[in-house]
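A.B. asks: final38.pdb is the file, holding PDB, C-alpha atoms:
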```
ATOM      1  CA  MET Z   1      65.330-164.882 136.950
ATOM      2  CA  ASN Z   2      65.992-161.239 136.261
ATOM      3  CA  VAL Z   3      69.768-161.207 135.845
ATOM      4  CA  GLY Z   4      72.045-158.235 135.390
ATOM      5  CA  ILE Z   5      75.467-158.284 133.759
ATOM      6  CA  VAL Z   6      77.914-155.467 134.426
ATOM      7  CA  GLY Z   7      80.811-155.814 131.999
ATOM      8  CA  THR Z   8      80.244-157.304 128.544
ATOM      9  CA  GLY Z   9      83.761-158.096 127.396
ATOM     10  CA  LEU Z  10      84.611-161.485 125.920
ATOM     11  CA  LEU Z  11      83.352-163.504 128.897
ATOM     12  CA  GLY Z  12      80.571-161.144 129.926
ATOM     13  CA  LYS Z  13      79.068-161.194 126.464
ATOM     14  CA  ALA Z  14      79.186-164.995 126.330
ATOM     15  CA  VAL Z  15      77.611-165.384 129.775
ATOM     16  CA  ALA Z  16      74.857-162.924 128.890
ATOM     17  CA  THR Z  17      74.202-164.739 125.608
ATOM     18  CA  ARG Z  18      73.854-168.068 127.389
ATOM     19  CA  LEU Z  19      71.507-166.638 130.010
ATOM     20  CA  ILE Z  20      69.285-165.034 127.370
ATOM     21  CA  ASN Z  21      69.160-168.294 125.433
ATOM     22  CA  SER Z  22      68.307-170.133 128.660
ATOM     23  CA  GLY Z  23      65.211-168.013 129.234
ATOM     24  CA  HIS Z  24      66.450-165.527 131.814
ATOM     25  CA  LYS Z  25      65.564-161.846 131.513
ATOM     26  CA  VAL Z  26      68.900-160.089 131.145
ATOM     27  CA  THR Z  27      69.838-156.445 131.696
ATOM     28  CA  VAL Z  28      73.325-155.335 130.713
ATOM     29  CA  TYR Z  29      75.672-152.414 131.205
ATOM     30  CA  ASN Z  30      79.100-151.813 129.752
ATOM     31  CA  ARG Z  31      81.224-148.694 129.968
ATOM     32  CA  THR Z  32      81.601-148.851 126.171
ATOM     33  CA  ARG Z  33      77.972-149.111 125.094
ATOM     34  CA  GLU Z  34      78.912-150.309 121.607
ATOM     35  CA  LYS Z  35      79.832-153.703 123.095
ATOM     36  CA  THR Z  36      76.248-154.256 124.262
ATOM     37  CA  LYS Z  37      74.657-154.009 120.799
ATOM     38  CA  PRO Z  38      74.893-157.734 119.928
ATOM     39  CA  LEU Z  39      73.207-158.540 123.235
ATOM     40  CA  GLU Z  40      70.489-155.977 122.634
ATOM     41  CA  LYS Z  41      69.715-157.729 119.341
ATOM     42  CA  LEU Z  42      69.324-160.997 121.271
ATOM     43  CA  GLY Z  43      66.796-159.417 123.601
ATOM     44  CA  ALA Z  44      68.828-157.966 126.464
ATOM     45  CA  SER Z  45      67.770-154.695 128.022
ATOM     46  CA  VAL Z  46      70.633-152.186 127.820
ATOM     47  CA  VAL Z  47      70.879-149.500 130.500
ATOM     48  CA  ASP Z  48      73.290-146.660 131.117
ATOM     49  CA  SER Z  49      74.509-147.375 134.660
ATOM     50  CA  PRO Z  50      75.223-150.219 137.079
ATOM     51  CA  ARG Z  51      72.576-148.709 139.358
ATOM     52  CA  LYS Z  52      69.879-149.336 136.768
ATOM     53  CA  VAL Z  53      71.121-152.895 136.295
ATOM     54  CA  ALA Z  54      70.713-153.494 140.038
ATOM     55  CA  GLU Z  55      67.256-151.923 140.123
ATOM     56  CA  LYS Z  56      65.995-154.316 137.452
ATOM     57  CA  SER Z  57      67.718-157.493 138.658
ATOM     58  CA  ASP Z  58      67.435-160.194 141.310
ATOM     59  CA  THR Z  59      71.063-161.147 140.731
ATOM     60  CA  VAL Z  60      73.806-158.952 139.302
ATOM     61  CA  ILE Z  61      76.939-160.546 137.870
ATOM     62  CA  THR Z  62      79.975-158.287 137.651
ATOM     63  CA  ILE Z  63      82.672-159.291 135.153
ATOM     64  CA  VAL Z  64      85.256-156.517 135.021
ATOM     65  CA  LYS Z  65      89.028-156.176 134.815
ATOM     66  CA  ASP Z  66      90.240-155.940 138.417
ATOM     67  CA  ALA Z  67      89.356-155.087 142.010
ATOM     68  CA  SER Z  68      89.483-151.358 141.312
ATOM     69  CA  ALA Z  69      86.941-151.790 138.514
ATOM     70  CA  VAL Z  70      84.751-153.953 140.770
ATOM     71  CA  GLU Z  71      84.746-151.200 143.408
ATOM     72  CA  SER Z  72      83.965-148.561 140.793
ATOM     73  CA  VAL Z  73      80.879-150.305 139.388
ATOM     74  CA  ALA Z  74      79.793-151.262 142.905
ATOM     75  CA  PHE Z  75      80.259-148.075 144.888
ATOM     76  CA  GLY Z  76      80.960-145.315 142.374
ATOM     77  CA  LYS Z  77      78.448-142.768 141.106
ATOM     78  CA  ASP Z  78      75.278-144.588 139.978
ATOM     79  CA  GLY Z  79      76.884-147.825 141.116
ATOM     80  CA  ILE Z  80      75.230-151.081 142.056
ATOM     81  CA  ALA Z  81      74.940-150.029 145.705
ATOM     82  CA  ASP Z  82      72.766-147.078 144.639
ATOM     83  CA  GLY Z  83      70.299-149.525 143.084
ATOM     84  CA  ARG Z  84      70.021-151.772 146.142
ATOM     85  CA  HIS Z  85      66.748-153.417 147.058
ATOM     86  CA  ASP Z  86      65.585-156.287 149.234
ATOM     87  CA  GLY Z  87      66.951-159.641 148.170
ATOM     88  CA  LEU Z  88      69.591-158.327 145.776
ATOM     89  CA  VAL Z  89      72.558-160.684 145.349
ATOM     90  CA  VAL Z  90      75.754-159.628 143.594
ATOM     91  CA  ALA Z  91      77.950-162.354 142.127
ATOM     92  CA  ASP Z  92      81.427-161.151 141.215
ATOM     93  CA  MET Z  93      82.831-163.209 138.342
ATOM     94  CA  SER Z  94      85.928-161.025 137.949
ATOM     95  CA  THR Z  95      89.336-162.539 138.656
ATOM     96  CA  ILE Z  96      90.578-160.709 141.721
ATOM     97  CA  ASN Z  97      92.608-161.694 144.752
ATOM     98  CA  PRO Z  98      90.813-163.115 147.811
ATOM     99  CA  ILE Z  99      91.942-160.287 150.086
ATOM    100  CA  SER Z 100      90.220-157.687 147.917
ATOM    101  CA  SER Z 101      87.181-159.930 147.491
ATOM    102  CA  LYS Z 102      86.619-160.127 151.246
ATOM    103  CA  LYS Z 103      86.932-156.352 151.615
ATOM    104  CA  ILE Z 104      84.459-155.687 148.798
ATOM    105  CA  ALA Z 105      81.970-158.205 150.224
ATOM    106  CA  ALA Z 106      82.199-156.523 153.627
ATOM    107  CA  ARG Z 107      81.551-153.119 152.055
ATOM    108  CA  TYR Z 108      78.531-154.464 150.157
ATOM    109  CA  LYS Z 109      77.206-155.766 153.476
ATOM    110  CA  GLU Z 110      77.160-152.198 154.817
ATOM    111  CA  TYR Z 111      74.583-151.462 152.100
ATOM    112  CA  GLY Z 112      72.535-154.542 152.950
ATOM    113  CA  ILE Z 113      73.709-156.382 149.827
ATOM    114  CA  ILE Z 114      75.063-159.937 149.823
ATOM    115  CA  MET Z 115      78.027-160.516 147.535
ATOM    116  CA  ILE Z 116      79.306-163.938 146.546
ATOM    117  CA  ASP Z 117      82.432-164.560 144.510
ATOM    118  CA  SER Z 118      81.717-166.671 141.443
ATOM    119  CA  PRO Z 119      84.772-166.918 139.149
ATOM    120  CA  VAL Z 120      84.694-169.546 136.415
ATOM    121  CA  MET Z 121      87.003-171.808 134.481
ATOM    122  CA  GLY Z 122      86.537-172.054 130.726
ATOM    123  CA  GLY Z 123      86.405-169.386 128.051
ATOM    124  CA  PRO Z 124      83.636-167.688 126.091
ATOM    125  CA  PRO Z 125      82.875-170.690 123.832
ATOM    126  CA  LEU Z 126      82.206-172.894 126.870
ATOM    127  CA  ALA Z 127      80.131-170.146 128.482
ATOM    128  CA  GLU Z 128      77.832-170.030 125.461
ATOM    129  CA  LYS Z 129      77.437-173.819 125.647
ATOM    130  CA  GLY Z 130      76.731-173.777 129.394
ATOM    131  CA  GLN Z 131      79.877-175.790 130.109
ATOM    132  CA  LEU Z 132      81.812-173.544 132.479
ATOM    133  CA  ILE Z 133      83.188-174.758 135.800
ATOM    134  CA  VAL Z 134      81.804-172.391 138.437
ATOM    135  CA  MET Z 135      83.423-171.725 141.812
ATOM    136  CA  ILE Z 136      81.412-170.108 144.604
ATOM    137  CA  GLY Z 137      82.534-168.388 147.795
ATOM    138  CA  GLY Z 138      80.295-166.607 150.260
ATOM    139  CA  ASP Z 139      76.813-166.967 151.726
ATOM    140  CA  LYS Z 140      75.533-170.403 150.731
ATOM    141  CA  ALA Z 141      71.863-169.422 151.004
ATOM    142  CA  ALA Z 142      72.478-166.546 148.585
ATOM    143  CA  TYR Z 143      74.103-168.967 146.173
ATOM    144  CA  GLU Z 144      71.171-171.388 146.425
ATOM    145  CA  LYS Z 145      68.792-168.516 145.715
ATOM    146  CA  CYS Z 146      70.404-167.804 142.350
ATOM    147  CA  ARG Z 147      71.581-171.334 141.619
ATOM    148  CA  SER Z 148      69.509-171.539 138.430
ATOM    149  CA  VAL Z 149      71.695-168.797 136.950
ATOM    150  CA  PHE Z 150      74.895-170.755 137.548
ATOM    151  CA  ASP Z 151      73.288-173.998 136.418
ATOM    152  CA  SER Z 152      72.535-172.258 133.119
ATOM    153  CA  ILE Z 153      76.137-171.328 132.429
ATOM    154  CA  GLY Z 154      78.031-174.162 134.107
ATOM    155  CA  GLU Z 155      78.182-177.924 133.889
ATOM    156  CA  LYS Z 156      79.644-178.205 137.372
ATOM    157  CA  THR Z 157      79.681-175.903 140.394
ATOM    158  CA  PHE Z 158      81.917-176.084 143.457
ATOM    159  CA  TYR Z 159      80.825-174.355 146.665
ATOM    160  CA  LEU Z 160      84.137-173.615 148.399
ATOM    161  CA  GLY Z 161      83.281-171.706 151.575
ATOM    162  CA  SER Z 162      83.393-168.099 152.715
ATOM    163  CA  ASN Z 163      84.040-164.993 150.612
ATOM    164  CA  GLY Z 164      87.433-165.101 148.950
ATOM    165  CA  ALA Z 165      87.645-168.896 148.789
ATOM    166  CA  ALA Z 166      86.530-169.083 145.163
ATOM    167  CA  ASP Z 167      88.855-166.269 144.137
ATOM    168  CA  ALA Z 168      91.776-168.046 145.818
ATOM    169  CA  MET Z 169      90.914-171.187 143.856
ATOM    170  CA  LYS Z 170      90.551-169.222 140.622
ATOM    171  CA  ILE Z 171      93.977-167.617 140.768
ATOM    172  CA  ALA Z 172      95.541-170.958 141.738
ATOM    173  CA  MET Z 173      93.940-172.386 138.588
ATOM    174  CA  ASN Z 174      95.091-169.489 136.405
ATOM    175  CA  LEU Z 175      98.626-170.045 137.633
ATOM    176  CA  GLN Z 176      98.444-173.533 136.097
ATOM    177  CA  ILE Z 177      97.227-172.071 132.790
ATOM    178  CA  SER Z 178      99.941-169.425 132.552
ATOM    179  CA  ILE Z 179     102.747-171.894 133.249
ATOM    180  CA  LEU Z 180     101.271-174.552 130.969
ATOM    181  CA  ALA Z 181     101.209-172.041 128.102
ATOM    182  CA  LEU Z 182     104.891-171.369 128.733
ATOM    183  CA  ALA Z 183     105.735-175.086 128.804
ATOM    184  CA  ILE Z 184     103.908-175.853 125.554
ATOM    185  CA  SER Z 185     105.465-172.786 123.922
ATOM    186  CA  GLU Z 186     108.993-173.831 124.850
ATOM    187  CA  GLY Z 187     108.337-177.401 123.707
ATOM    188  CA  ILE Z 188     107.202-176.154 120.292
ATOM    189  CA  ILE Z 189     110.190-173.813 120.024
ATOM    190  CA  LEU Z 190     112.657-176.537 120.994
ATOM    191  CA  ALA Z 191     111.098-178.937 118.459
ATOM    192  CA  LYS Z 192     111.423-176.289 115.726
ATOM    193  CA  LYS Z 193     115.042-175.528 116.626
ATOM    194  CA  SER Z 194     115.768-179.269 116.475
ATOM    195  CA  GLY Z 195     114.432-179.464 112.941
ATOM    196  CA  LEU Z 196     111.213-181.253 113.960
ATOM    197  CA  ASP Z 197     107.709-180.459 112.792
ATOM    198  CA  PRO Z 198     106.019-178.774 115.796
ATOM    199  CA  LEU Z 199     102.726-180.422 114.859
ATOM    200  CA  LEU Z 200     104.460-183.783 115.179
ATOM    201  CA  PHE Z 201     105.724-182.720 118.617
ATOM    202  CA  LEU Z 202     102.094-182.025 119.586
ATOM    203  CA  GLU Z 203     100.909-185.321 118.118
ATOM    204  CA  VAL Z 204     103.393-187.207 120.276
ATOM    205  CA  LEU Z 205     102.581-185.104 123.348
ATOM    206  CA  ASN Z 206      98.867-185.632 122.867
ATOM    207  CA  SER Z 207      99.411-189.383 122.634
ATOM    208  CA  THR Z 208     100.777-189.449 126.167
ATOM    209  CA  TYR Z 209      99.594-189.063 129.757
ATOM    210  CA  PHE Z 210     100.883-185.481 129.625
ATOM    211  CA  LYS Z 211      98.350-184.204 127.079
ATOM    212  CA  THR Z 212      96.102-181.337 128.120
ATOM    213  CA  GLY Z 213      93.118-179.537 126.709
ATOM    214  CA  MET Z 214      95.471-176.681 125.880
ATOM    215  CA  SER Z 215      97.913-178.871 123.981
ATOM    216  CA  GLN Z 216      95.047-180.486 122.074
ATOM    217  CA  ILE Z 217      92.937-177.419 121.257
ATOM    218  CA  LYS Z 218      95.276-174.438 121.319
ATOM    219  CA  GLY Z 219      98.551-176.256 120.610
ATOM    220  CA  PRO Z 220      98.069-176.605 116.823
ATOM    221  CA  LYS Z 221      97.164-172.923 116.579
ATOM    222  CA  MET Z 222     100.244-172.003 118.597
ATOM    223  CA  ALA Z 223     102.428-174.069 116.264
ATOM    224  CA  LYS Z 224     101.003-172.110 113.320
ATOM    225  CA  GLY Z 225     101.408-168.720 115.028
ATOM    226  CA  ILE Z 226      97.645-168.155 115.394
ATOM    227  CA  PHE Z 227      96.798-166.307 118.596
ATOM    228  CA  GLU Z 228      93.191-165.197 118.189
ATOM    229  CA  PRO Z 229      92.187-164.116 121.683
ATOM    230  CA  SER Z 230      89.782-166.003 123.879
ATOM    231  CA  PHE Z 231      91.620-164.574 126.907
ATOM    232  CA  PHE Z 232      93.972-161.633 126.452
ATOM    233  CA  LEU Z 233      97.642-161.999 127.300
ATOM    234  CA  SER Z 234      97.504-158.681 129.174
ATOM    235  CA  VAL Z 235      94.719-160.040 131.393
ATOM    236  CA  MET Z 236      96.746-163.142 132.167
ATOM    237  CA  GLN Z 237      99.600-160.872 133.188
ATOM    238  CA  LYS Z 238      97.217-158.962 135.458
ATOM    239  CA  ASP Z 239      96.185-162.259 137.006
ATOM    240  CA  LEU Z 240      99.830-163.113 137.630
ATOM    241  CA  ASP Z 241     100.102-159.828 139.527
ATOM    242  CA  GLU Z 242      97.164-161.001 141.661
ATOM    243  CA  ILE Z 243      98.738-164.441 142.123
ATOM    244  CA  ASN Z 244     102.054-163.036 143.288
ATOM    245  CA  TYR Z 245     100.395-160.478 145.575
ATOM    246  CA  THR Z 246      98.295-163.205 147.188
ATOM    247  CA  ALA Z 247     101.308-165.486 147.563
ATOM    248  CA  LYS Z 248     103.187-162.727 149.378
ATOM    249  CA  GLU Z 249     100.223-161.940 151.652
ATOM    250  CA  PHE Z 250      99.737-165.612 152.550
ATOM    251  CA  GLY Z 251     103.446-166.360 152.964
ATOM    252  CA  ALA Z 252     103.817-168.663 149.959
ATOM    253  CA  ASN Z 253     107.134-168.667 148.075
ATOM    254  CA  LEU Z 254     106.291-169.221 144.377
ATOM    255  CA  PRO Z 255     109.462-168.676 142.309
ATOM    256  CA  VAL Z 256     107.947-170.048 139.088
ATOM    257  CA  ALA Z 257     104.968-167.698 139.425
ATOM    258  CA  ARG Z 258     107.362-164.769 139.779
ATOM    259  CA  LEU Z 259     109.312-165.811 136.693
ATOM    260  CA  ALA Z 260     106.102-166.335 134.717
ATOM    261  CA  ASN Z 261     104.987-162.824 135.639
ATOM    262  CA  GLU Z 262     108.272-161.348 134.458
ATOM    263  CA  LEU Z 263     107.896-163.078 131.083
ATOM    264  CA  TYR Z 264     104.271-162.003 130.602
ATOM    265  CA  GLN Z 265     105.153-158.450 131.669
ATOM    266  CA  SER Z 266     107.902-158.365 129.040
ATOM    267  CA  ALA Z 267     105.494-159.681 126.398
ATOM    268  CA  VAL Z 268     103.007-156.916 127.208
ATOM    269  CA  LYS Z 269     105.799-154.321 126.921
ATOM    270  CA  GLU Z 270     106.554-155.751 123.464
ATOM    271  CA  GLY Z 271     102.996-154.914 122.386
ATOM    272  CA  LEU Z 272     101.574-158.447 122.638
ATOM    273  CA  GLY Z 273      98.973-157.748 125.307
ATOM    274  CA  MET Z 274      95.923-157.916 123.049
ATOM    275  CA  ILE Z 275      96.573-161.343 121.551
ATOM    276  CA  ASP Z 276      95.671-164.642 123.194
ATOM    277  CA  TYR Z 277      97.585-165.565 126.343
ATOM    278  CA  THR Z 278      99.155-168.460 124.401
ATOM    279  CA  GLY Z 279     100.808-165.723 122.351
ATOM    280  CA  ILE Z 280     103.466-165.775 125.052
ATOM    281  CA  MET Z 281     105.075-168.119 122.524
ATOM    282  CA  ALA Z 282     105.516-165.200 120.126
ATOM    283  CA  TYR Z 283     107.535-163.398 122.785
ATOM    284  CA  LEU Z 284     109.605-166.489 123.601
ATOM    285  CA  GLU Z 285     110.358-167.016 119.901
ATOM    286  CA  LYS Z 286     111.463-163.406 119.646
ATOM    287  CA  ILE Z 287     113.934-163.639 122.487
ATOM    288  CA  SER Z 288     115.043-167.068 121.208
ATOM    289  CA  LYS Z 289     116.152-165.318 118.012
ATOM    290  CA  GLY Z 290     118.051-162.777 120.070
ATOM    291  CA  THR Z 291     116.016-159.802 118.829
TER
END
```
Output the file's structure in the form of structure tokens.

C.D. replies:
Amino acid sequence: MNVGIVGTGLLGKAVATRLINSGHKVTVYNRTREKTKPLEKLGASVVDSPRKVAEKSDTVITIVKDASAVESVAFGKDGIADGRHDGLVVADMSTINPISSKKIAARYKEYGIIMIDSPVMGGPPLAEKGQLIVMIGGDKAAYEKCRSVFDSIGEKTFYLGSNGAADAMKIAMNLQISILALAISEGIILAKKSGLDPLLFLEVLNSTYFKTGMSQIKGPKMAKGIFEPSFFLSVMQKDLDEINYTAKEFGANLPVARLANELYQSAVKEGLGMIDYTGIMAYLEKISKGT
């Protein structure tokens, strides 16, 4: 298919790379054009507006920071809506709250464009291997039309219902990730304070029922203070904003989510926003030392 990617950050670049390597014709746009150069070398067509992406694509995937950014690339000057044509499907892979997702889908509909929400689980390395978990919300026929795109990037896809359903699932999943990073961090810190080797703590943990992919893959790096980003801490904090907003709108009382957001907010204020989200441990270690 002719696939467009609007937003070539860490995940957008990986998704575009996988699609190119899977034989799709890919057109990309990023506000900072420099970030599109590696994709251009792989064979992507680089254009200077979301409108041009839409004009050249059967399906456009948007992968941007938040709902405001989604609206900007969709309906702003030279936005996707300006490049509308028959059969165009927009798949929003951004992590936004389901309330905003429904509103954006309804606005797209006014332009005759079908939008589905298509957030994913898994980071850039899994995207490049085609091993993401894809969640779909919105028009099922539109999803089936561009299914080959999602089959290229994902090893499993869940169709969850109407617009907003996939985004609700995504933020519920990211809540697990944020809290798990806190739990592993505090376990490592407690082991250190007790005079134990944190790698031994992880070895024991990973020998039990309570092991996770995070404790197995990221845990050893956390114990060594390595926080090379696959998902920025500042973005996780943004997602916690979305989680807590959605909880309030839907009448869910999530005290742990509120506390997690406070901790990630404090870490961002300490200048840790551009390291990996597991770098929340660096903040917890700092306050553990009383500094």

A.B. asks: Could you please determine the separation between CA of Thr17 in chain Z and CA of Glu128 in chain Z in Å, to one decimal place?

C.D. replies: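 Value for the CA of Thr17 in chain Z-CA of Glu128 in chain Z distance: 6.4 Å.
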
A.B. asks: Please compute the CA of Asn253 in chain Z-CA of Lys170 in chain Z distance, one decimal, in Å.

C.D. replies: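 Taking CA of Asn253 in chain Z and CA of Lys170 in chain Z, their separation equals 18.2 Å.
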
A.B. asks: Residues near range 165-168 of chain Z, anyone? I mean within 8 Å using all atoms listed in the file, not counting same-chain ones fewer than 3 positions away, as a VMD selection string.

C.D. replies: chain Z and resid 95 to 98 101 117 to 119 135 to 138 159 to 162 171 to 172

A.B. asks: Write the residues of the preceding selection, restricted to C-alpha atoms, as a short mmCIF file (atom, residue, chain, number, x, y, z; two decimals), in the coordinates of the input.

C.D. replies:
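Generated output (again-v3.cif):
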```
data_model
loop_
_atom_site.label_atom_id
_atom_site.label_comp_id
_atom_site.auth_asym_id
_atom_site.auth_seq_id
_atom_site.Cartn_x
_atom_site.Cartn_y
_atom_site.Cartn_z
CA THR Z 95 89.34 -162.54 138.66
CA ILE Z 96 90.58 -160.71 141.72
CA ASN Z 97 92.61 -161.69 144.75
CA PRO Z 98 90.81 -163.12 147.81
CA SER Z 101 87.18 -159.93 147.49
CA ASP Z 117 82.43 -164.56 144.51
CA SER Z 118 81.72 -166.67 141.44
CA PRO Z 119 84.77 -166.92 139.15
CA MET Z 135 83.42 -171.72 141.81
CA ILE Z 136 81.41 -170.11 144.60
CA GLY Z 137 82.53 -168.39 147.79
CA GLY Z 138 80.30 -166.61 150.26
CA TYR Z 159 80.82 -174.36 146.66
CA LEU Z 160 84.14 -173.62 148.40
CA GLY Z 161 83.28 -171.71 151.57
CA SER Z 162 83.39 -168.10 152.72
CA ILE Z 171 93.98 -167.62 140.77
CA ALA Z 172 95.54 -170.96 141.74
#
```

A.B. asks: Determine, counting only C-alpha atoms, every residue of protein, DNA or RNA that lies within 10 Å of (69.4, -169.8, 138.8) in the file coordinates, then give the result as an mmCIF file with C-alpha atoms, in the frame of the given file.

C.D. replies:
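Writing done, so here's selection_17.cif:
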```cif
data_model
loop_
_atom_site.group_PDB
_atom_site.id
_atom_site.type_symbol
_atom_site.label_atom_id
_atom_site.label_comp_id
_atom_site.auth_asym_id
_atom_site.auth_seq_id
_atom_site.Cartn_x
_atom_site.Cartn_y
_atom_site.Cartn_z
ATOM 1 C CA MET Z 1 65.330 -164.882 136.950
ATOM 2 C CA ASN Z 2 65.992 -161.239 136.261
ATOM 3 C CA VAL Z 3 69.768 -161.207 135.845
ATOM 4 C CA LEU Z 19 71.507 -166.638 130.010
ATOM 5 C CA HIS Z 24 66.450 -165.527 131.814
ATOM 6 C CA THR Z 59 71.063 -161.147 140.731
ATOM 7 C CA TYR Z 143 74.103 -168.967 146.173
ATOM 8 C CA GLU Z 144 71.171 -171.388 146.425
ATOM 9 C CA LYS Z 145 68.792 -168.516 145.715
ATOM 10 C CA CYS Z 146 70.404 -167.804 142.350
ATOM 11 C CA ARG Z 147 71.581 -171.334 141.619
ATOM 12 C CA SER Z 148 69.509 -171.539 138.430
ATOM 13 C CA VAL Z 149 71.695 -168.797 136.950
ATOM 14 C CA PHE Z 150 74.895 -170.755 137.548
ATOM 15 C CA ASP Z 151 73.288 -173.998 136.418
ATOM 16 C CA SER Z 152 72.535 -172.258 133.119
ATOM 17 C CA ILE Z 153 76.137 -171.328 132.429
#
```

A.B. asks: Hey, can you check how far CA of Lys103 in chain Z sits from CA of Gly164 in chain Z?

C.D. replies: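 Here the two named atoms are 9.2 Å from each other.
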
A.B. asks: Which residues, named as in the file, does the PyMOL selection byres ((chain Z and resi 274-285) around 6) pick out? Answer as a list in words.

C.D. replies: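 When the PyMOL selection byres ((chain Z and resi 274-285) around 6) is applied to the shown file, the picked residues are Ala181, Ser185, Phe227, Glu228, Pro229, Phe231, Phe232, Leu233, Ala267, Leu272, Gly273, Lys286, Ile287 and Ser288 of chain Z.
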
A.B. asks: Identify all residues satisfying the PyMOL selection byres ((chain Z and resi 193-198) around 12) in the given file; provide them as a list in words.

C.D. replies: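 That selection, the PyMOL selection byres ((chain Z and resi 193-198) around 12), comes back as Ile184, Ser185, Glu186, Gly187, Ile188, Ile189, Leu190, Ala191, Lys192, Leu199, Leu200, Phe201, Leu202, Glu203, Val204, Leu205, Ser215, Gly219, Pro220, Lys221, Met222, Ala223, Lys224, Gly225, Glu285, Ser288 and Lys289 of chain Z.
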
A.B. asks: List the residues selected by the PyMOL selection byres ((chain Z and resi 240) around 10) in the file shown, writing them as a short mmCIF file (atom, residue, chain, number, x, y, z; two decimals) with C-alpha atoms, in the coordinates of the input.

C.D. replies:
```cif
data_model
loop_
_atom_site.label_atom_id
_atom_site.label_comp_id
_atom_site.auth_asym_id
_atom_site.auth_seq_id
_atom_site.Cartn_x
_atom_site.Cartn_y
_atom_site.Cartn_z
CA ILE Z 171 93.98 -167.62 140.77
CA ALA Z 172 95.54 -170.96 141.74
CA ASN Z 174 95.09 -169.49 136.40
CA LEU Z 175 98.63 -170.04 137.63
CA SER Z 178 99.94 -169.42 132.55
CA SER Z 234 97.50 -158.68 129.17
CA VAL Z 235 94.72 -160.04 131.39
CA MET Z 236 96.75 -163.14 132.17
CA GLN Z 237 99.60 -160.87 133.19
CA LYS Z 238 97.22 -158.96 135.46
CA ASP Z 239 96.18 -162.26 137.01
CA ASP Z 241 100.10 -159.83 139.53
CA GLU Z 242 97.16 -161.00 141.66
CA ILE Z 243 98.74 -164.44 142.12
CA ASN Z 244 102.05 -163.04 143.29
CA TYR Z 245 100.40 -160.48 145.57
CA THR Z 246 98.30 -163.21 147.19
CA ALA Z 257 104.97 -167.70 139.43
CA ARG Z 258 107.36 -164.77 139.78
CA LEU Z 259 109.31 -165.81 136.69
CA ALA Z 260 106.10 -166.34 134.72
CA ASN Z 261 104.99 -162.82 135.64
CA GLU Z 262 108.27 -161.35 134.46
CA TYR Z 264 104.27 -162.00 130.60
CA GLN Z 265 105.15 -158.45 131.67
#
```

A.B. asks: When you look at Ser94 in chain Z with a cut-off of 8 Å (counting only C-alpha atoms), what residues show up, excluding the ones that are within fewer than 5 positions of it in the same chain? I need them as an NGL selection string.

C.D. replies: :Z and (62-67 or 70 or 118-119)

A.B. asks: Take range 80-92 of chain Z, model N, CA and C atoms, and hand the result over as an mmCIF file, in the coordinates of the input.

C.D. replies:
```cif
data_model
loop_
_atom_site.group_PDB
_atom_site.id
_atom_site.type_symbol
_atom_site.label_atom_id
_atom_site.label_comp_id
_atom_site.auth_asym_id
_atom_site.auth_seq_id
_atom_site.Cartn_x
_atom_site.Cartn_y
_atom_site.Cartn_z
ATOM 1 N N ILE Z 80 76.175 -150.040 141.662
ATOM 2 C CA ILE Z 80 75.230 -151.081 142.056
ATOM 3 C C ILE Z 80 74.624 -150.794 143.427
ATOM 4 N N ALA Z 81 75.433 -150.309 144.348
ATOM 5 C CA ALA Z 81 74.940 -150.029 145.705
ATOM 6 C C ALA Z 81 73.813 -148.998 145.694
ATOM 7 N N ASP Z 82 73.827 -148.083 144.735
ATOM 8 C CA ASP Z 82 72.766 -147.078 144.639
ATOM 9 C C ASP Z 82 71.449 -147.677 144.152
ATOM 10 N N GLY Z 83 71.513 -148.867 143.572
ATOM 11 C CA GLY Z 83 70.299 -149.525 143.084
ATOM 12 C C GLY Z 83 69.852 -150.667 143.977
ATOM 13 N N ARG Z 84 70.321 -150.667 145.221
ATOM 14 C CA ARG Z 84 70.021 -151.772 146.142
ATOM 15 C C ARG Z 84 68.531 -151.894 146.421
ATOM 16 N N HIS Z 85 68.125 -153.121 146.664
ATOM 17 C CA HIS Z 85 66.748 -153.417 147.058
ATOM 18 C C HIS Z 85 66.736 -154.748 147.784
ATOM 19 N N ASP Z 86 65.657 -155.055 148.452
ATOM 20 C CA ASP Z 86 65.585 -156.287 149.234
ATOM 21 C C ASP Z 86 65.846 -157.514 148.362
ATOM 22 N N GLY Z 87 66.692 -158.379 148.853
ATOM 23 C CA GLY Z 87 66.951 -159.641 148.170
ATOM 24 C C GLY Z 87 68.008 -159.593 147.089
ATOM 25 N N LEU Z 88 68.588 -158.427 146.839
ATOM 26 C CA LEU Z 88 69.591 -158.327 145.776
ATOM 27 C C LEU Z 88 70.846 -159.126 146.143
ATOM 28 N N VAL Z 89 71.307 -159.944 145.199
ATOM 29 C CA VAL Z 89 72.558 -160.684 145.349
ATOM 30 C C VAL Z 89 73.500 -160.256 144.225
ATOM 31 N N VAL Z 90 74.729 -159.946 144.585
ATOM 32 C CA VAL Z 90 75.754 -159.628 143.594
ATOM 33 C C VAL Z 90 76.739 -160.788 143.531
ATOM 34 N N ALA Z 91 76.989 -161.271 142.339
ATOM 35 C CA ALA Z 91 77.950 -162.354 142.127
ATOM 36 C C ALA Z 91 79.108 -161.793 141.316
ATOM 37 N N ASP Z 92 80.272 -161.699 141.930
ATOM 38 C CA ASP Z 92 81.427 -161.151 141.215
ATOM 39 C C ASP Z 92 82.175 -162.264 140.508
#
```
